[in-house]
Protein chains: 4
Amino acid sequence: MKIGRQAYRSSAISSSNEETIIVRGHDLCAELLGHISFTDHVWLLVTGALPTPAQRAVLDATLVAIAEHGLVPSVQASRMTLAAAPEALQGAVAAGILGCGSVILGAAEAAGRLLADVLARAAAGAPSLDEAAQAAARVELAAGRAVPGYGHPLHKARDPRAERLIEIAAEVGSAARHVEAARAVERALPALTGKPLVMNVSGAIPAVLLDAGYPLLALKGVPILARTASLVAHLLEEQQRPIGFVLSHAGAAAIEYDGEGKP
Amino acid sequence: MKIGRQAYRSSAISSSNEETIIVRGHDLCAELLGHISFTDHVWLLVTGALPTPAQRAVLDATLVAIAEHGLVPSVQASRMTLAAAPEALQGAVAAGILGCGSVILGAAEAAGRLLADVLARAAAGAPSLDEAAQAAARVELAAGRAVPGYGHPLHKARDPRAERLIEIAAEVGSAARHVEAARAVERALPALTGKPLVMNVSGAIPAVLLDAGYPLLALKGVPILARTASLVAHLLEEQQRPIGFVLSHAGAAAIEYDGEGKP
Amino acid sequence: MKIGRQAYRSSAISSSNEETIIVRGHDLCAELLGHISFTDHVWLLVTGALPTPAQRAVLDATLVAIAEHGLVPSVQASRMTLAAAPEALQGAVAAGILGCGSVILGAAEAAGRLLADVLARAAAGAPSLDEAAQAAARVELAAGRAVPGYGHPLHKARDPRAERLIEIAAEVGSAARHVEAARAVERALPALTGKPLVMNVSGAIPAVLLDAGYPLLALKGVPILARTASLVAHLLEEQQRPIGFVLSHAGAAAIEYDGEGKP
Amino acid sequence: MKIGRQAYRSSAISSSNEETIIVRGHDLCAELLGHISFTDHVWLLVTGALPTPAQRAVLDATLVAIAEHGLVPSVQASRMTLAAAPEALQGAVAAGILGCGSVILGAAEAAGRLLADVLARAAAGAPSLDEAAQAAARVELAAGRAVPGYGHPLHKARDPRAERLIEIAAEVGSAARHVEAARAVERALPALTGKPLVMNVSGAIPAVLLDAGYPLLALKGVPILARTASLVAHLLEEQQRPIGFVLSHAGAAAIEYDGEGKP
């Protein structure tokens, strides 16, 4: 059964024969292995070209920033899954990654779309970046959505990761229009929402990555990749000092049964 | 319901308050962000300490080596999943990661256990490393299993990634007993199996990582993390030049229905 | 870290003590086990009440209708995953379920929302059900989306499952306004799209289930549950007559590398 | 790249053309839809033949028995995942299914292998079924494993589901040698382990299913399928009365940070 149009029949990422593996046009063993870092390789895989020093610095910073934040829901889901299915570490990692959704880690992509919208409005003749930001934010709020990339349940006054990421982008000369757009949205929100919502790490990540030339459609890959590293660390600890069933016991104890016939 | 013994109630990976995020004892924003690479961070998360230059070089090399190898089964599963469920990039990544199992990418852990077994036999008084390797390999073969880390469907004469990884480990002065054990197994296999099975990338990864001090119980995390980067690249391409349904159409066309009542 | 409002702290699905398990107010062992079918139990779990004979008939029919349709993408992803990771059947099932997305099996929920929209427009004073259907379909088309629940890559003239489901719903006296709305959309589409799009199984499932009183927010659960049964069958066959790597070989052979440096 | 032997190139589950869908040799719309229950269809898909009344009764009972048991780890992982990624119900179901592993729900398969081993030892000349059961259980215990299918963290004196399942199998005339083997293991365990371990639901499920002719290699599919139904119910409730983040908050609060530099 042929589903969809099926217009494409090629891929430009990798090819190989018995002796040689080509990745994005480079001989993996002769040109890449031992010569580039994993971060360089991520940039190469995703964009097709090796990064400049500034691009590498920004990608490294975003991956380090978003990798780990304690026993967040995705980490708990992953540790519970390993406790129940220790034979499949890959299953526990997958369960954790499935929690990189629109509400939590995946907000980076939605925030990136918002910043792109702000700049598109500015380019289309909005009187100022601030007015473009207000207009773009109003669309989100009118749809009943939280403005992606702003506000944090713990880091209420400021998200230190967001500030540091923008600082690093400025230091390496990469910060540009998307960072300005992100700041313009931050300025717009208190008046629009009545709350002092500050830029969070999921707002800063697309700002600095899009300025560095990283593609919008792969933005969600950055928190997913970073979180995978954190999950591996948690799953090693889970094998050595298991808490998966402690977490589920505490969770269940916090919830009351309010149906009929409680035994 | 209390499942299991629940002996532990603590975690040593991360803690935070409103202003500060601590990861493995370091202030994330003040000490890590902008100062270390993602590879350094992976090593820190998993082991609890920052890597030496040699450890960083070895981890970078293994991650670059195993990230990408074209349209392997996990990549195809991931691209088909995105084609069917484009709303959830995290689901497509998870589907790909679920294919990092004992037969394909997860062989790195089984190979690491084999190398540890070889060295344990040597330490326990085997006459030589070669005899320890023969004994360890015989256990696998007697159980009807393939010896993990040896032989490759495409790279039959040699897996260029395995050779390059061991070269890099030697260059940075990290190659030691696990690499020797891996070579000893390689020498043992032709006589034991009647086939010229050479060390593959999943054999070299544990050899160089265990020599560098990376923990055995987190070995599977390396191919999983590396492959996640590759999946992000493939899923970006899938959004731009979709082939997920082309892959499934070709797959279905290769299989005949041999049940009753073919319409 | 407290995420979100956390307004609820209870669940009404199940409770238990050492001797007794209560599910939806019933003693599982005394009242349900041996007395009801699995389909009854699904209805009870989801809605909180046991089904009428008509509700059971409709749910049985939808589950039977959507369970299996050959080597579709989700089945291929699942079989490839088992071939790579035979130690984790649950991982292979999960990989298959992840392909129940907005484009393929998950269309049932989007179609259900469309039917609800048609009836809301009719209730709000649209001149006729047909005009309500045209208006609702126009919203989808204007947004550049396919109208969910209509058209099929193989069953172009008619999807025999859709016709049979509506027939069964009529036989048991359950077909009502949602089926009428689904027919009205079907009548509207040829003129709106210029294509003879007929109702498919993902259009008929919400029509008959919503008429039977099944909740819209659990609609996607029906194809997911049904497909899980099919995946179990395919994964049993994969263990006995493996084709997972045949599928991936055929898929890869259908795609050309069009990047640089082909070896 | 051709992985493995690739000896098979066919499948016997389903075939279709524009008008007709064949499932296991039956015309889906003409013969199955409206005529059989979902449980019948599950049996047909997995085994290739429609069930007898006794087989249907046993499969229904096992599916009803294992579907739901409150806020167990897999349910919590699933609800947290939906809270974080509400756009992908399939991802939340997948996260829950990934917790059907060797320790929790997947024990049914391991228990089935144990029962098969008991009967094989009896057939090979063990003096009695009891001695065969002792020998088989000793193998598990010597390997440092829990005996699969016996003992439960909550139902310590007896698992009411196990007793009821065996009662139902007897009522429909299906209970036979595997149930006897399961009882023999239950008799053997107190002396072998010093603990009053009673048969749990994961021990009874393979006993009654294997006696009914259900295939051992698909045993894990029964708890996976049953649990999928329960997950759909929990995910509907999660959309209406969200507790996913309450669960994760309670979990995190139960764990102390014992690394360095607590802020």
# chains A, B, ... in the order shown; residues from 1 in each chain; ligands from 1
>>> closest_atom_pairs(of="chain D", to="chain B", cutoff="8 Å", atoms="only C-alpha atoms", output="JSON lines")
{"residue": "D:Met1", "atom": "CA", "partner": "B:Leu154", "partner_atom": "CA", "distance": 6.0}
{"residue": "D:Lys2", "atom": "CA", "partner": "B:Pro153", "partner_atom": "CA", "distance": 6.2}
{"residue": "D:Ile3", "atom": "CA", "partner": "B:Pro153", "partner_atom": "CA", "distance": 5.6}
{"residue": "D:Gly4", "atom": "CA", "partner": "B:Pro153", "partner_atom": "CA", "distance": 7.3}
{"residue": "D:Arg9", "atom": "CA", "partner": "B:Ile255", "partner_atom": "CA", "distance": 5.0}
{"residue": "D:Ser10", "atom": "CA", "partner": "B:Glu256", "partner_atom": "CA", "distance": 4.5}
{"residue": "D:Ser11", "atom": "CA", "partner": "B:Tyr257", "partner_atom": "CA", "distance": 5.1}
{"residue": "D:Ala12", "atom": "CA", "partner": "B:Gly259", "partner_atom": "CA", "distance": 4.1}
{"residue": "D:Ile13", "atom": "CA", "partner": "B:Gly259", "partner_atom": "CA", "distance": 6.6}
{"residue": "D:Ser14", "atom": "CA", "partner": "B:Tyr257", "partner_atom": "CA", "distance": 7.0}
{"residue": "D:Ser15", "atom": "CA", "partner": "B:Lys262", "partner_atom": "CA", "distance": 6.1}
{"residue": "D:Ser16", "atom": "CA", "partner": "B:Pro263", "partner_atom": "CA", "distance": 6.1}
{"residue": "D:Asn17", "atom": "CA", "partner": "B:Pro263", "partner_atom": "CA", "distance": 6.4}
{"residue": "D:Thr20", "atom": "CA", "partner": "B:Pro263", "partner_atom": "CA", "distance": 6.6}
{"residue": "D:Ile21", "atom": "CA", "partner": "B:Pro263", "partner_atom": "CA", "distance": 7.5}
{"residue": "D:Ile22", "atom": "CA", "partner": "B:Gly261", "partner_atom": "CA", "distance": 6.9}
{"residue": "D:Arg24", "atom": "CA", "partner": "B:Gly259", "partner_atom": "CA", "distance": 6.7}
{"residue": "D:Gly25", "atom": "CA", "partner": "B:Glu260", "partner_atom": "CA", "distance": 4.6}
{"residue": "D:His26", "atom": "CA", "partner": "B:Gly261", "partner_atom": "CA", "distance": 7.1}
{"residue": "D:Glu87", "atom": "CA", "partner": "B:Glu87", "partner_atom": "CA", "distance": 7.0}
{"residue": "D:Ala88", "atom": "CA", "partner": "B:Ala88", "partner_atom": "CA", "distance": 6.2}
{"residue": "D:Gly91", "atom": "CA", "partner": "B:Gly91", "partner_atom": "CA", "distance": 5.9}
{"residue": "D:Pro153", "atom": "CA", "partner": "B:Ile3", "partner_atom": "CA", "distance": 5.6}
{"residue": "D:Leu154", "atom": "CA", "partner": "B:Met1", "partner_atom": "CA", "distance": 6.0}
{"residue": "D:Ala254", "atom": "CA", "partner": "B:Arg9", "partner_atom": "CA", "distance": 7.0}
{"residue": "D:Ile255", "atom": "CA", "partner": "B:Ser10", "partner_atom": "CA", "distance": 4.9}
{"residue": "D:Glu256", "atom": "CA", "partner": "B:Ser10", "partner_atom": "CA", "distance": 4.5}
{"residue": "D:Tyr257", "atom": "CA", "partner": "B:Ser11", "partner_atom": "CA", "distance": 5.1}
{"residue": "D:Asp258", "atom": "CA", "partner": "B:Ala12", "partner_atom": "CA", "distance": 5.0}
{"residue": "D:Gly259", "atom": "CA", "partner": "B:Ala12", "partner_atom": "CA", "distance": 4.1}
{"residue": "D:Glu260", "atom": "CA", "partner": "B:Gly25", "partner_atom": "CA", "distance": 4.5}
{"residue": "D:Gly261", "atom": "CA", "partner": "B:Gly25", "partner_atom": "CA", "distance": 5.0}
{"residue": "D:Lys262", "atom": "CA", "partner": "B:Ser15", "partner_atom": "CA", "distance": 6.1}
{"residue": "D:Pro263", "atom": "CA", "partner": "B:Ser16", "partner_atom": "CA", "distance": 6.1}
>>> select_by_dssp(residues="range 35-167 of chain C", states="helix (DSSP H, G or I)", output="PyMOL selection string")
chain C and resi 38-47+53-66+73-84+89-97+107-123+129-142+160-167
>>> residues_around(residues="range 36-45 of chain C", least_positions_apart="5", cutoff="7 Å", atoms="only C-alpha atoms", output="list in words")
Arg24, Leu50, Pro51, Arg56 and Asp60 of chain C; Phe38, Thr39, Asp60, Leu63, Val64, Ala229, Ser230 and Ala233 of chain D
>>> write_last_selection(atoms="N, CA and C atoms", output="JSON list (two decimals), in the first residue's frame")
[["chain", "number", "residue", "atom", "x", "y", "z"],
["C", 24, "ARG", "N", -13.25, 0.25, 39.35],
["C", 24, "ARG", "CA", -14.46, 1.02, 39.00],
["C", 24, "ARG", "C", -15.65, 0.60, 39.86],
["C", 50, "LEU", "N", -20.43, -0.61, 33.15],
["C", 50, "LEU", "CA", -20.46, -1.73, 32.20],
["C", 50, "LEU", "C", -21.29, -1.35, 30.99],
["C", 51, "PRO", "N", -20.95, -1.90, 29.82],
["C", 51, "PRO", "CA", -21.66, -1.52, 28.59],
["C", 51, "PRO", "C", -23.02, -2.19, 28.46],
["C", 56, "ARG", "N", -21.37, -2.78, 23.78],
["C", 56, "ARG", "CA", -20.39, -3.86, 23.62],
["C", 56, "ARG", "C", -20.20, -4.22, 22.15],
["C", 60, "ASP", "N", -16.68, -3.87, 20.29],
["C", 60, "ASP", "CA", -16.09, -5.07, 19.70],
["C", 60, "ASP", "C", -15.82, -4.86, 18.21],
["D", 38, "PHE", "N", -13.71, -8.99, 20.38],
["D", 38, "PHE", "CA", -12.30, -8.61, 20.28],
["D", 38, "PHE", "C", -11.42, -9.72, 20.84],
["D", 39, "THR", "N", -11.86, -10.36, 21.90],
["D", 39, "THR", "CA", -11.08, -11.46, 22.47],
["D", 39, "THR", "C", -10.93, -12.61, 21.47],
["D", 60, "ASP", "N", -10.32, -14.27, 28.02],
["D", 60, "ASP", "CA", -11.05, -13.14, 28.62],
["D", 60, "ASP", "C", -10.67, -12.96, 30.09],
["D", 63, "LEU", "N", -7.15, -11.52, 30.60],
["D", 63, "LEU", "CA", -7.07, -10.10, 30.22],
["D", 63, "LEU", "C", -7.76, -9.22, 31.25],
["D", 64, "VAL", "N", -8.90, -9.67, 31.75],
["D", 64, "VAL", "CA", -9.61, -8.89, 32.78],
["D", 64, "VAL", "C", -8.79, -8.87, 34.08],
["D", 229, "ALA", "N", -5.27, -1.33, 27.84],
["D", 229, "ALA", "CA", -6.64, -0.89, 28.12],
["D", 229, "ALA", "C", -6.68, -0.02, 29.37],
["D", 230, "SER", "N", -5.96, -0.46, 30.39],
["D", 230, "SER", "CA", -5.94, 0.30, 31.63],
["D", 230, "SER", "C", -5.28, 1.66, 31.44],
["D", 233, "ALA", "N", -7.64, 4.18, 30.03],
["D", 233, "ALA", "CA", -8.54, 4.71, 31.06],
["D", 233, "ALA", "C", -7.82, 5.75, 31.93]]
>>> atom_distance(atom1="CA of Gly173 in chain A", atom2="CA of Asp211 in chain A")
10.0 Å
>>> atom_distance(atom1="CA of Glu237 in chain D", atom2="CA of Gln76 in chain D")
12.3 Å
>>> residues_around(residues="range 120-125 of chain C", least_positions_apart="6", cutoff="10 Å", atoms="only C-alpha atoms", output="short mmCIF file (atom, residue, chain, number, x, y, z; two decimals) with N, CA and C atoms, in the first residue's frame")
data_model
loop_
_atom_site.label_atom_id
_atom_site.label_comp_id
_atom_site.auth_asym_id
_atom_site.auth_seq_id
_atom_site.Cartn_x
_atom_site.Cartn_y
_atom_site.Cartn_z
N LEU C 114 -13.90 16.47 14.50
CA LEU C 114 -14.59 17.04 13.35
C LEU C 114 -16.09 16.78 13.44
N GLU C 131 -24.95 21.67 5.60
CA GLU C 131 -24.21 22.94 5.61
C GLU C 131 -23.25 23.00 6.80
N ALA C 132 -23.65 22.41 7.92
CA ALA C 132 -22.72 22.35 9.06
C ALA C 132 -21.49 21.53 8.69
N ALA C 133 -21.71 20.42 7.98
CA ALA C 133 -20.59 19.57 7.57
C ALA C 133 -19.67 20.30 6.60
N ALA C 135 -19.19 23.50 6.38
CA ALA C 135 -18.46 24.54 7.11
C ALA C 135 -17.31 23.93 7.91
N ALA C 136 -17.60 22.82 8.59
CA ALA C 136 -16.57 22.18 9.40
C ALA C 136 -15.43 21.66 8.53
N ALA C 181 -23.64 12.82 10.86
CA ALA C 181 -22.66 13.87 10.60
C ALA C 181 -21.54 13.35 9.71
#
>>> closest_residue(among="B:Val232, B:Leu189, B:Glu109, B:Val46", to="Glu68 in chain A", atoms="only C-alpha atoms")
B:Val46
>>> residues_around(residues="Arg161 in chain D", least_positions_apart="5", cutoff="9 Å", atoms="only C-alpha atoms", output="list in words")
Ile21, Leu28, Cys29 and Leu33 of chain C; Thr62, Ala65, Ile66, Ile166, Asn200, Val201 and Ala204 of chain D
>>> atom_distance(atom1="CA of Val58 in chain A", atom2="CA of Gly34 in chain B")
8.3 Å
>>> residues_around(residues="Ala253 in chain D", least_positions_apart="5", cutoff="10 Å", atoms="only C-alpha atoms", output="list in words")
Leu71, Leu247, Ala250 and Gly251 of chain A; Met1 of chain C; Leu247 and Ser248 of chain D
>>> write_last_selection(atoms="N, CA and C atoms", output="CSV table (one decimal), in the first residue's frame")
chain,number,residue,atom,x,y,z
A,71,LEU,N,15.3,15.2,39.7
A,71,LEU,CA,14.3,14.2,39.5
A,71,LEU,C,13.0,14.7,38.9
A,247,LEU,N,10.1,6.0,44.3
A,247,LEU,CA,9.4,7.1,43.7
A,247,LEU,C,7.9,6.7,43.4
A,250,ALA,N,5.9,6.6,46.7
A,250,ALA,CA,5.6,7.9,47.2
A,250,ALA,C,4.5,8.6,46.3
A,251,GLY,N,4.6,8.4,45.0
A,251,GLY,CA,3.5,8.9,44.1
A,251,GLY,C,2.2,8.4,44.5
C,1,MET,N,10.1,20.3,42.9
C,1,MET,CA,9.6,21.4,42.0
C,1,MET,C,8.2,21.1,41.7
D,247,LEU,N,2.1,13.3,41.1
D,247,LEU,CA,2.9,12.1,41.3
D,247,LEU,C,4.4,12.4,41.3
D,248,SER,N,4.9,13.2,40.3
D,248,SER,CA,6.3,13.5,40.2
D,248,SER,C,6.8,14.4,41.4
>>> residues_around(residues="Arg145 in chain B", least_positions_apart="2", cutoff="12 Å", atoms="only C-alpha atoms", output="list in words")
Ser102, Val103, Ala107, Ala110, Ala111, Ala137, Arg138, Val139, Glu140, Leu141, Ala142, Ala143, Val147, Pro148, Gly149, Tyr150 and Thr193 of chain B
>>> write_last_selection(atoms="N, CA, C and O atoms", output="CSV table (one decimal), in the first residue's frame")
chain,number,residue,atom,x,y,z
B,102,SER,N,20.1,-6.0,22.1
B,102,SER,CA,21.2,-6.9,22.3
B,102,SER,C,21.8,-7.3,21.0
B,102,SER,O,23.0,-7.6,20.9
B,103,VAL,N,21.0,-7.3,19.9
B,103,VAL,CA,21.5,-7.8,18.6
B,103,VAL,C,22.3,-6.7,17.9
B,103,VAL,O,23.3,-6.9,17.3
B,107,ALA,N,25.1,-4.4,21.7
B,107,ALA,CA,26.1,-5.4,21.8
B,107,ALA,C,27.3,-4.8,22.6
B,107,ALA,O,28.1,-5.6,23.1
B,110,ALA,N,27.3,-6.2,26.2
B,110,ALA,CA,27.6,-7.6,26.2
B,110,ALA,C,29.1,-7.8,25.9
B,110,ALA,O,29.7,-8.6,26.6
B,111,ALA,N,29.6,-7.1,25.0
B,111,ALA,CA,31.0,-7.2,24.7
B,111,ALA,C,31.9,-6.7,25.9
B,111,ALA,O,32.9,-7.3,26.2
B,137,ALA,N,35.3,-16.9,25.4
B,137,ALA,CA,34.6,-17.0,24.1
B,137,ALA,C,33.9,-18.3,24.0
B,137,ALA,O,32.8,-18.4,23.5
B,138,ARG,N,34.5,-19.4,24.5
B,138,ARG,CA,33.9,-20.7,24.5
B,138,ARG,C,32.6,-20.7,25.2
B,138,ARG,O,31.6,-21.4,24.8
B,139,VAL,N,32.5,-20.0,26.3
B,139,VAL,CA,31.2,-19.9,27.1
B,139,VAL,C,30.1,-19.3,26.3
B,139,VAL,O,29.0,-19.9,26.2
B,140,GLU,N,30.4,-18.3,25.5
B,140,GLU,CA,29.4,-17.7,24.7
B,140,GLU,C,29.0,-18.7,23.6
B,140,GLU,O,27.8,-18.9,23.3
B,141,LEU,N,29.9,-19.3,22.9
B,141,LEU,CA,29.6,-20.2,21.8
B,141,LEU,C,28.9,-21.4,22.3
B,141,LEU,O,27.9,-21.9,21.7
B,142,ALA,N,29.2,-21.9,23.5
B,142,ALA,CA,28.5,-23.1,24.0
B,142,ALA,C,27.1,-22.8,24.3
B,142,ALA,O,26.2,-23.6,24.3
B,143,ALA,N,26.8,-21.5,24.7
B,143,ALA,CA,25.4,-21.1,24.9
B,143,ALA,C,24.6,-20.8,23.7
B,143,ALA,O,23.5,-20.3,23.7
B,147,VAL,N,29.5,-14.3,19.5
B,147,VAL,CA,30.4,-13.6,20.5
B,147,VAL,C,30.2,-12.1,20.3
B,147,VAL,O,30.5,-11.6,19.2
B,148,PRO,N,29.8,-11.4,21.3
B,148,PRO,CA,29.4,-10.0,21.1
B,148,PRO,C,30.6,-9.1,20.8
B,148,PRO,O,31.6,-9.2,21.6
B,149,GLY,N,30.6,-8.3,19.8
B,149,GLY,CA,31.7,-7.4,19.5
B,149,GLY,C,32.5,-7.9,18.3
B,149,GLY,O,33.5,-7.2,18.0
B,150,TYR,N,32.2,-9.0,17.7
B,150,TYR,CA,33.0,-9.5,16.6
B,150,TYR,C,32.1,-9.9,15.4
B,150,TYR,O,31.0,-10.4,15.6
B,193,THR,N,35.6,-20.7,15.8
B,193,THR,CA,34.4,-20.6,15.1
B,193,THR,C,34.5,-21.1,13.6
B,193,THR,O,33.5,-21.2,12.9
>>> select_by_dssp(residues="range 29-263 of chain B", states="strand (DSSP E or B)", output="NGL selection string")
:B and (150 or 199 or 256-257)
